Amino acid sequence: MGTIRFNRFAWIYDRFMHAFSLYRHGEIRRHLPETLLDRLLDVGGGTGFVASQIADLFHQRVVIDPAMKMLKRADERDVTTCCGSALELPFQENQFDCVLCTDALHHIKNVPEALSEMTRVLKPGGQLVILEFHIVGSAGKLFWLFEKLWIDNSKFVTPSELGTMLSEHNMEFTTHRLSCIEYLVVAKKPLEVTL
């Protein structure tokens, strides 16, 4: 159901995100290396706006999303698009310097599987950057209700739940609170040990 609704809202999605200051590309940029990297994968990247705002940091930007109409918007930006699921990323292991997932994890029904996939395609030493919502307080409850009524039955994970899942992949991470309901997690995939 969520994919259908995102297709329906594609024409207004960027305006909505800007109106409520939900695009946090400035904060994301602050946690990325200043040196030019090779490849970025934006999982659930929708219209490609966030990827386009940090495009100067990567040689190639790939946006994957299941909603074709969202990707049509992304095609207008300086990104490569791919229609697909976070639960089965169509890429080989160790392909991306950075994997980004902003305002999308709660739409994925199997978060542990999605994290496994994102970690799999990330290069050793690469960064996984996740922006999510923490459903606490009245603002959190209002956001949860909005998602349930207008988008889908979103499954929100707390910062500690996400941290536990990342630890299972031996990821070192930091958590940054951006607002009363938003948090940013920056994780690093361990370097491979060669014997």
# chains A, B, ... in the order shown; residues from 1 in each chain; ligands from 1
$ select_by_dssp --residues "segment 40-94 of chain A" --states "strand (DSSP E)" --output "list in words"
Leu40, Leu41, Asp42, Val43, Phe58, His59, Gln60, Arg61, Val62, Val63, Ile64, Asp65, Thr80, Thr81, Cys82 and Cys83 of chain A
$ select_by_dssp --residues "chain A" --states "alpha helix (DSSP H)" --output "MDAnalysis selection string"
chainID A and resid 2:19 25:30 49:53 68:74 111:121 137:146 159:167
$ atom_distance --atom1 "atom CA of Cys82 of chain A" --atom2 "atom CA of Lys69 of chain A"
11.8 Å
$ residues_around --residues "Cys101 of chain A" --least-positions-apart "2" --cutoff "6 Å" --atoms "only C-alpha atoms" --output "PDB file with N, CA, C and O atoms, in the first residue's frame"
ATOM      1  N   ASP A  42      21.458   5.556  -2.154  1.00  0.00           N
ATOM      2  CA  ASP A  42      20.396   6.137  -1.338  1.00  0.00           C
ATOM      3  C   ASP A  42      19.211   5.165  -1.373  1.00  0.00           C
ATOM      4  O   ASP A  42      18.501   5.065  -2.375  1.00  0.00           O
ATOM      5  N   VAL A  43      19.007   4.445  -0.271  1.00  0.00           N
ATOM      6  CA  VAL A  43      17.965   3.417  -0.178  1.00  0.00           C
ATOM      7  C   VAL A  43      16.648   4.074   0.235  1.00  0.00           C
ATOM      8  O   VAL A  43      16.584   4.747   1.254  1.00  0.00           O
ATOM      9  N   ILE A 130      21.735   6.783   8.544  1.00  0.00           N
ATOM     10  CA  ILE A 130      20.289   6.582   8.640  1.00  0.00           C
ATOM     11  C   ILE A 130      19.657   7.743   9.391  1.00  0.00           C
ATOM     12  O   ILE A 130      20.072   8.066  10.511  1.00  0.00           O
TER      13      ILE A 130
END
$ residues_around --residues "Asn7 of chain A" --least-positions-apart "2" --cutoff "10 Å" --atoms "only C-alpha atoms" --output "list in words"
Gly2, Thr3, Ile4, Arg5, Phe9, Ala10, Trp11, Tyr13, Gly46, Pro66, Ala67, Met68, Lys69, Met70, Leu71 and Lys72 of chain A
$ residues_around --residues "segment 32-40 of chain A" --least-positions-apart "2" --cutoff "7 Å" --atoms "only C-alpha atoms" --output "list of chain:residue names"
A:Ile28, A:Arg29, A:Arg30, A:Asp42, A:Leu57, A:Phe58, A:His59, A:Gln60, A:Arg61, A:Val62, A:Phe96, A:Asp97, A:Cys98, A:Val99
$ closest_residue --among "A:Thr47, A:Thr80, A:Ser116, A:Ser167" --to "Thr102 of chain A" --atoms "only C-alpha atoms"
A:Thr47
$ closest_residue --among "A:Arg15, A:His25, A:His31, A:Arg8" --to "Leu128 of chain A" --atoms "only C-alpha atoms"
A:His31
$ closest_residue --among "A:Glu88, A:Gly45, A:Ala51, A:Phe16" --to "Ile64 of chain A" --atoms "only C-alpha atoms"
A:Gly45
$ closest_residue --among "A:Met165, A:Ile54, A:Val186, A:Leu191" --to "Gln127 of chain A" --atoms "only C-alpha atoms"
A:Val186
$ closest_residue --among "A:Leu166, A:Gln92, A:Pro190, A:Ser179" --to "Ala114 of chain A" --atoms "only C-alpha atoms"
A:Leu166
$ closest_residue --among "A:Leu115, A:Lys123, A:Leu105, A:Gly48" --to "Glu93 of chain A" --atoms "only C-alpha atoms"
A:Lys123
$ atom_distance --atom1 "atom CA of Ala187 of chain A" --atom2 "atom CA of Tyr23 of chain A"
19.7 Å
$ atom_distance --atom1 "atom CA of Val136 of chain A" --atom2 "atom CA of Val157 of chain A"
11.2 Å
